[in-house]
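Dumped work-v3.cif below, it's mmCIF, C-alpha atoms:
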```
data_data
loop_
_atom_site.label_atom_id
_atom_site.label_comp_id
_atom_site.auth_asym_id
_atom_site.auth_seq_id
_atom_site.Cartn_x
_atom_site.Cartn_y
_atom_site.Cartn_z
CA MET A 17 -0.48 38.49 -26.80
CA THR A 18 1.20 38.55 -30.21
CA SER A 19 4.73 38.37 -28.87
CA ASP A 20 3.66 35.49 -26.60
CA VAL A 21 2.29 33.58 -29.56
CA ILE A 22 5.48 34.17 -31.56
CA LEU A 23 7.59 33.01 -28.62
CA PHE A 24 5.46 29.92 -28.13
CA PHE A 25 5.57 28.95 -31.79
CA THR A 26 9.34 29.40 -31.92
CA LEU A 27 9.79 27.11 -28.92
CA ALA A 28 7.27 24.60 -30.27
CA LEU A 29 9.05 24.54 -33.64
CA ILE A 30 12.38 23.84 -31.94
CA ALA A 31 10.81 21.09 -29.82
CA VAL A 32 9.15 19.34 -32.76
CA ALA A 33 12.21 19.73 -35.00
CA SER A 34 14.51 18.26 -32.37
CA ALA A 35 12.12 15.36 -31.78
CA VAL A 36 11.97 14.62 -35.53
CA SER A 37 15.77 14.86 -35.75
CA MET A 38 16.02 12.41 -32.86
CA LEU A 39 13.86 9.94 -34.75
CA LEU A 40 15.78 10.33 -38.01
CA SER A 41 19.36 10.47 -36.75
CA ARG A 42 21.44 7.40 -37.50
CA SER A 43 23.70 7.64 -34.49
CA ALA A 44 22.39 7.01 -30.99
CA VAL A 45 24.67 9.72 -29.57
CA TYR A 46 23.12 12.32 -31.89
CA ALA A 47 19.68 11.08 -30.90
CA ALA A 48 20.51 11.59 -27.23
CA LEU A 49 21.81 15.11 -27.86
CA PHE A 50 18.73 16.06 -29.89
CA LEU A 51 16.62 14.77 -27.00
CA VAL A 52 18.57 17.06 -24.65
CA ILE A 53 17.64 20.02 -26.89
CA ASN A 54 14.01 18.91 -26.74
CA PHE A 55 14.06 18.69 -22.95
CA LEU A 56 15.65 22.12 -22.60
CA THR A 57 13.01 23.64 -24.88
CA ILE A 58 10.24 22.06 -22.84
CA ALA A 59 11.90 23.45 -19.71
CA ALA A 60 11.78 26.93 -21.25
CA ILE A 61 8.05 26.45 -21.90
CA TYR A 62 7.62 25.40 -18.25
CA LEU A 63 9.33 28.62 -17.17
CA LEU A 64 6.93 30.66 -19.28
CA LEU A 65 4.00 28.78 -17.72
CA HIS A 66 4.93 29.88 -14.18
CA ALA A 67 6.43 26.50 -13.26
CA ALA A 68 9.92 27.59 -12.25
CA PHE A 69 10.58 24.71 -9.86
CA ILE A 70 9.49 22.07 -12.36
CA ALA A 71 11.62 23.73 -15.04
CA VAL A 72 14.73 23.44 -12.86
CA VAL A 73 13.88 19.83 -12.00
CA GLN A 74 13.42 19.12 -15.70
CA VAL A 75 16.85 20.52 -16.55
CA SER A 76 18.70 18.83 -13.70
CA VAL A 77 16.98 15.44 -13.69
CA TYR A 78 15.89 14.91 -17.30
CA ALA A 79 18.47 16.81 -19.32
CA GLY A 80 21.16 16.17 -16.72
CA ALA A 81 20.92 12.86 -14.94
CA ILE A 82 18.80 10.75 -17.27
CA MET A 83 20.55 11.76 -20.48
CA VAL A 84 23.99 11.31 -18.90
CA LEU A 85 22.88 7.80 -17.95
CA PHE A 86 21.85 7.20 -21.57
CA LEU A 87 25.20 8.46 -22.84
CA PHE A 88 27.04 6.27 -20.33
CA VAL A 89 25.25 3.18 -21.64
CA ILE A 90 25.83 4.18 -25.27
CA MET A 91 29.54 4.59 -24.57
CA LEU A 92 29.67 1.37 -22.55
CA LEU A 93 27.96 -0.90 -25.01
CA GLY A 94 28.58 0.79 -28.33
CA ALA A 95 25.53 2.05 -30.19
CA GLU A 96 25.58 -0.60 -32.90
CA ARG A 97 25.53 -3.44 -30.40
CA VAL A 98 22.00 -2.70 -29.19
CA GLU A 99 20.38 -3.03 -32.62
CA ALA A 100 17.77 -5.74 -32.79
CA THR A 101 19.13 -8.53 -34.93
CA ARG A 102 15.86 -9.91 -36.26
CA ARG A 103 12.73 -8.16 -37.38
CA GLU A 104 9.57 -9.36 -39.08
CA ILE A 105 8.89 -8.17 -42.61
CA TRP A 106 5.37 -6.93 -41.80
CA GLN A 107 6.50 -4.96 -38.75
CA GLN A 108 7.30 -1.61 -40.36
CA PRO A 109 4.15 -1.17 -42.53
CA VAL A 110 1.89 -2.20 -39.65
CA ALA A 111 3.71 0.23 -37.36
CA LEU A 112 3.32 3.06 -39.86
CA ILE A 113 -0.38 2.34 -40.32
CA LEU A 114 -1.05 2.18 -36.58
CA ALA A 115 0.89 5.37 -35.89
CA GLY A 116 -0.93 7.09 -38.76
CA VAL A 117 -4.29 6.07 -37.30
CA LEU A 118 -3.23 7.43 -33.92
CA ILE A 119 -2.07 10.75 -35.40
CA VAL A 120 -5.26 11.19 -37.46
CA GLU A 121 -7.38 10.38 -34.43
CA MET A 122 -5.44 12.84 -32.30
CA ALA A 123 -5.68 15.57 -34.94
CA TYR A 124 -9.43 14.96 -35.24
CA VAL A 125 -9.93 15.37 -31.50
CA LEU A 126 -7.68 18.41 -31.31
CA PHE A 127 -9.09 20.33 -34.26
CA THR A 128 -12.80 19.57 -34.14
CA ARG A 129 -13.63 20.30 -30.53
CA PRO A 130 -15.38 23.51 -29.50
CA ALA A 131 -12.82 26.24 -29.79
CA ALA A 132 -11.00 26.96 -26.56
CA GLN A 133 -8.97 29.76 -28.09
CA GLN A 134 -9.34 32.39 -25.39
CA PRO A 135 -6.07 33.58 -23.91
CA LEU A 136 -5.57 32.74 -20.28
CA ALA A 137 -6.48 34.98 -17.42
CA PRO A 138 -3.47 36.38 -15.57
CA ILE A 139 -2.62 34.43 -12.46
CA THR A 140 -3.98 35.79 -9.22
CA SER A 141 -1.58 34.48 -6.59
CA GLU A 142 1.89 35.96 -6.68
CA ASP A 143 3.90 32.83 -5.84
CA PHE A 144 2.16 30.34 -8.13
CA GLY A 145 4.65 27.62 -9.02
CA SER A 146 7.48 28.98 -6.94
CA PRO A 147 9.67 26.42 -5.15
CA ALA A 148 8.26 27.52 -1.78
CA SER A 149 4.65 26.95 -2.76
CA VAL A 150 5.34 23.62 -4.48
CA GLY A 151 7.37 22.46 -1.49
CA ARG A 152 4.64 23.47 0.92
CA LEU A 153 2.13 21.40 -1.02
CA LEU A 154 4.58 18.53 -1.36
CA PHE A 155 5.11 18.23 2.37
CA SER A 156 1.49 18.72 3.42
CA SER A 157 -1.13 17.32 1.06
CA TYR A 158 1.17 15.02 -0.91
CA LEU A 159 3.37 13.74 1.91
CA LEU A 160 2.44 10.07 1.49
CA PRO A 161 3.16 9.96 -2.29
CA PHE A 162 6.44 11.75 -1.58
CA GLU A 163 7.52 9.04 0.84
CA VAL A 164 6.35 6.29 -1.52
CA THR A 165 8.51 7.91 -4.22
CA SER A 166 11.55 7.52 -1.99
CA ILE A 167 10.81 3.80 -1.62
CA LEU A 168 10.38 3.55 -5.40
CA LEU A 169 13.78 5.14 -5.98
CA LEU A 170 15.37 2.77 -3.46
CA VAL A 171 13.80 -0.24 -5.17
CA SER A 172 14.98 0.89 -8.60
CA MET A 173 18.50 1.47 -7.28
CA VAL A 174 18.65 -2.03 -5.79
CA GLY A 175 17.18 -3.44 -9.00
CA ALA A 176 19.77 -1.73 -11.18
CA ILE A 177 22.62 -3.00 -8.99
CA VAL A 178 21.27 -6.56 -8.91
CA LEU A 179 20.62 -6.69 -12.66
CA THR A 180 24.06 -5.50 -13.69
CA ARG A 181 26.01 -7.53 -11.15
CA ASP A 182 28.63 -9.86 -12.57
CA ASP A 183 27.69 -13.33 -11.45
CA ARG A 184 30.92 -15.11 -12.30
CA LYS A 185 33.16 -16.15 -9.50
CA GLU A 186 36.27 -14.09 -8.93
CA LYS A 187 39.35 -16.10 -9.84
CA PRO A 188 42.13 -15.74 -7.29
CA MET B 4 3.20 33.40 -21.48
CA ASN B 5 -0.38 34.05 -22.43
CA VAL B 6 -1.32 31.56 -25.13
CA PRO B 7 -4.46 29.41 -25.02
CA THR B 8 -4.12 26.09 -23.24
CA SER B 9 -5.21 24.27 -26.38
CA TYR B 10 -2.00 25.30 -28.20
CA LEU B 11 0.08 23.65 -25.48
CA VAL B 12 -2.06 20.52 -25.52
CA ASP B 13 -1.66 20.39 -29.31
CA LEU B 14 2.12 20.55 -28.97
CA SER B 15 1.92 17.82 -26.34
CA GLY B 16 -0.10 15.61 -28.69
CA VAL B 17 2.34 16.11 -31.55
CA LEU B 18 5.29 15.20 -29.33
CA PHE B 19 3.44 12.12 -28.05
CA ALA B 20 2.71 10.95 -31.60
CA LEU B 21 6.38 11.40 -32.51
CA GLY B 22 7.34 9.29 -29.50
CA VAL B 23 4.93 6.56 -30.59
CA LEU B 24 6.46 6.63 -34.07
CA GLY B 25 9.91 6.28 -32.58
CA VAL B 26 8.90 3.27 -30.48
CA LEU B 27 7.30 1.57 -33.46
CA LEU B 28 9.89 2.31 -36.11
CA ARG B 29 13.35 2.48 -34.58
CA ARG B 30 15.32 -0.71 -34.07
CA ASN B 31 17.93 0.64 -31.69
CA THR B 32 16.91 -0.30 -28.15
CA LEU B 33 18.35 2.87 -26.63
CA VAL B 34 16.56 5.15 -29.10
CA LEU B 35 13.39 3.22 -28.29
CA LEU B 36 13.82 4.04 -24.60
CA MET B 37 14.48 7.68 -25.52
CA SER B 38 11.18 7.74 -27.41
CA VAL B 39 9.43 6.51 -24.28
CA GLU B 40 11.03 9.44 -22.44
CA LEU B 41 9.70 11.78 -25.15
CA MET B 42 6.17 10.46 -24.58
CA MET B 43 6.43 10.90 -20.80
CA ASN B 44 7.68 14.41 -21.36
CA SER B 45 4.73 15.30 -23.56
CA ALA B 46 2.36 14.07 -20.85
CA ASN B 47 4.20 16.29 -18.37
CA LEU B 48 3.75 19.25 -20.71
CA ALA B 49 -0.01 18.67 -20.80
CA PHE B 50 -0.06 18.50 -16.99
CA ILE B 51 1.77 21.80 -16.66
CA ALA B 52 -0.45 23.45 -19.27
CA PHE B 53 -3.61 22.43 -17.45
CA ALA B 54 -2.12 23.40 -14.10
CA ARG B 55 -1.52 26.88 -15.51
CA GLY B 56 -4.97 27.04 -17.08
CA ALA B 57 -6.83 25.99 -13.95
CA GLU B 58 -4.29 27.68 -11.69
CA ALA B 59 -4.06 24.49 -9.63
CA LEU B 60 -0.68 23.67 -8.18
CA GLY B 61 -1.46 19.95 -7.84
CA GLY B 62 -0.59 19.43 -11.49
CA GLN B 63 2.95 20.65 -10.94
CA VAL B 64 3.36 18.37 -7.91
CA PHE B 65 2.15 15.47 -10.03
CA VAL B 66 4.76 16.29 -12.70
CA PHE B 67 7.40 16.20 -9.97
CA PHE B 68 6.34 12.64 -9.13
CA THR B 69 6.28 11.70 -12.80
CA ILE B 70 9.86 12.87 -13.21
CA ALA B 71 10.91 10.77 -10.20
CA VAL B 72 9.17 7.72 -11.69
CA ALA B 73 10.88 8.40 -15.05
CA ALA B 74 14.27 8.44 -13.34
CA ALA B 75 13.55 5.09 -11.67
CA GLU B 76 12.26 3.63 -14.93
CA VAL B 77 15.33 4.73 -16.86
CA ALA B 78 17.67 3.27 -14.23
CA VAL B 79 16.01 -0.14 -14.35
CA GLY B 80 15.51 -0.07 -18.13
CA LEU B 81 19.14 0.76 -18.86
CA ALA B 82 20.24 -1.91 -16.37
CA LEU B 83 18.16 -4.41 -18.36
CA VAL B 84 19.75 -3.19 -21.61
CA VAL B 85 23.22 -3.57 -20.14
CA MET B 86 22.33 -7.05 -18.87
CA ILE B 87 21.00 -8.20 -22.25
CA PHE B 88 23.68 -6.69 -24.48
CA ARG B 89 26.63 -7.13 -22.15
CA PRO B 90 29.89 -7.95 -23.94
CA SER B 91 30.80 -11.62 -23.57
CA THR B 92 34.14 -10.74 -22.06
CA ALA B 93 33.46 -8.31 -19.30
CA TRP B 94 35.75 -5.33 -19.03
CA THR B 95 37.14 -5.30 -15.55
CA SER B 96 40.23 -3.70 -14.19
CA THR B 97 41.88 -7.02 -13.31
CA ARG B 98 42.14 -8.59 -16.75
#
```
Could the structure of this file be written out as structure tokens, please?
Amino acid sequence: MTSDVILFFTLALIAVASAVSMLLSRSAVYAALFLVINFLTIAAIYLLLHAAFIAVVQVSVYAGAIMVLFLFVIMLLGAERVEATRREIWQQPVALILAGVLIVEMAYVLFTRPAAQQPLAPITSEDFGSPASVGRLLFSSYLLPFEVTSILLLVSMVGAIVLTRDDRKEKP
Amino acid sequence: MNVPTSYLVDLSGVLFALGVLGVLLRRNTLVLLMSVELMMNSANLAFIAFARGAEALGGQVFVFFTIAVAAAEVAVGLALVVMIFRPSTAWTSTR
């Protein structure tokens, strides 16, 4: 129990620190790399929660594909180009106040509820969260959402190609 | 790992609040999209924590779908960013 708590708090500290560093870093490339650290830490927490398949998907899709896409766009456009040029003077204080209200509200809900501090019972089934069991569920109970996801990915691919197409005529 | 589910949900809430702060405060469009990813990730963490607590595998399957939706969202969002902030003279191999 104690070693588990120490492990969890170490991982949670890394996750929160990398998220804060992402928010505070000046360069967009550093922000992307801090976000990769955050994703990898979350993947480690998934592994410890008996979600091996989701942990691998997190590393390959989130920390791999999505962040590489981000870095491609940063390199393509230049990070300073995507700054907003105009901003209202009242925007930052209002944002801070609203975010503060949200955080206070969240802390109130999290710390005043009836204590659910009991450690978890050990899992009963041996292959909980293994790729085989997740795949079995994915192709039986959740078959329709799985197929809809494929259509969604197709639509987003077509959308990305159409949006970034160069409309100008090719000069001979 | 044998920690109470509430610890994991607390971590998820903290990460979500940090993502909200990033969306509200940062001016860089790409960092704003990254903050949205951070928020989605914190929701995934809560899903996995509850799936472990209730020992229900449906939560993990749902996280799988959420990751697929996040990939689609990032593809379209970054295409929009490229479309909006495209350099006036496009870089092609012919000129």
Edge lengths and centre in Å, axis-aligned, region 71-89 of chain B plus 5 Å each side, as JSON:
```
{"center_x": 17.9, "center_y": 1.3, "center_z": -17.3, "size_x": 27.5, "size_y": 29.0, "size_z": 24.3}
```
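At a cut-off of 12 Å from (-3.8, 20.9, -8.2), the residue set is A:Phe144, A:Gly145, A:Ser149, A:Val150, A:Leu153, A:Leu154, A:Ser157, A:Tyr158, B:Phe50, B:Ile51, B:Ala52, B:Phe53, B:Ala54, B:Arg55, B:Gly56, B:Ala57, B:Glu58, B:Ala59, B:Leu60, B:Gly61, B:Gly62, B:Gln63, B:Val64, B:Phe65, B:Val66 (counting only C-alpha atoms).
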Practice item. Measuring atom to atom with all atoms listed in the file, identify which of A:Ile22, A:His66, A:Phe50, A:Ile30 is nearest to Asp143 (chain A). Key: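 Among the listed residues, the smallest separation from Asp143 (chain A) belongs to A:His66.
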Would you be able to write out as a PDB file with C-alpha atoms, in the frame of the given file which residues have an atom within 8 Å of (17.8, 2.8, -32.7) in the file's coordinates, counting all atoms listed in the file?
```
ATOM      1  CA  ARG A  42      21.440   7.400 -37.500  1.00  0.00           C
ATOM      2  CA  SER A  43      23.700   7.640 -34.490  1.00  0.00           C
ATOM      3  CA  ALA A  44      22.390   7.010 -30.990  1.00  0.00           C
ATOM      4  CA  VAL A  98      22.000  -2.700 -29.190  1.00  0.00           C
ATOM      5  CA  GLU A  99      20.380  -3.030 -32.620  1.00  0.00           C
TER       6      GLU A  99
ATOM      7  CA  ARG B  29      13.350   2.480 -34.580  1.00  0.00           C
ATOM      8  CA  ARG B  30      15.320  -0.710 -34.070  1.00  0.00           C
ATOM      9  CA  ASN B  31      17.930   0.640 -31.690  1.00  0.00           C
ATOM     10  CA  THR B  32      16.910  -0.300 -28.150  1.00  0.00           C
ATOM     11  CA  LEU B  33      18.350   2.870 -26.630  1.00  0.00           C
ATOM     12  CA  VAL B  34      16.560   5.150 -29.100  1.00  0.00           C
ATOM     13  CA  LEU B  35      13.390   3.220 -28.290  1.00  0.00           C
TER      14      LEU B  35
END
```
Review point. From the list A:Val125, A:Gly175, A:Val89, A:Gly94, which residue is nearest Val84 (chain B) when using all atoms listed in the file?
Key: A:Val89
Practice item. Up to 8 Å from chain A, what residues of chain B turn up? Count only C-alpha atoms and give them as a PyMOL selection string. Key: chain B and resi 4-9+13-14+16-18+20-21+23-25+27-34+37+41+44+48+51-52+55-56+58+60-61+63-64+66-68+70-72+74-79+81-86+88-90
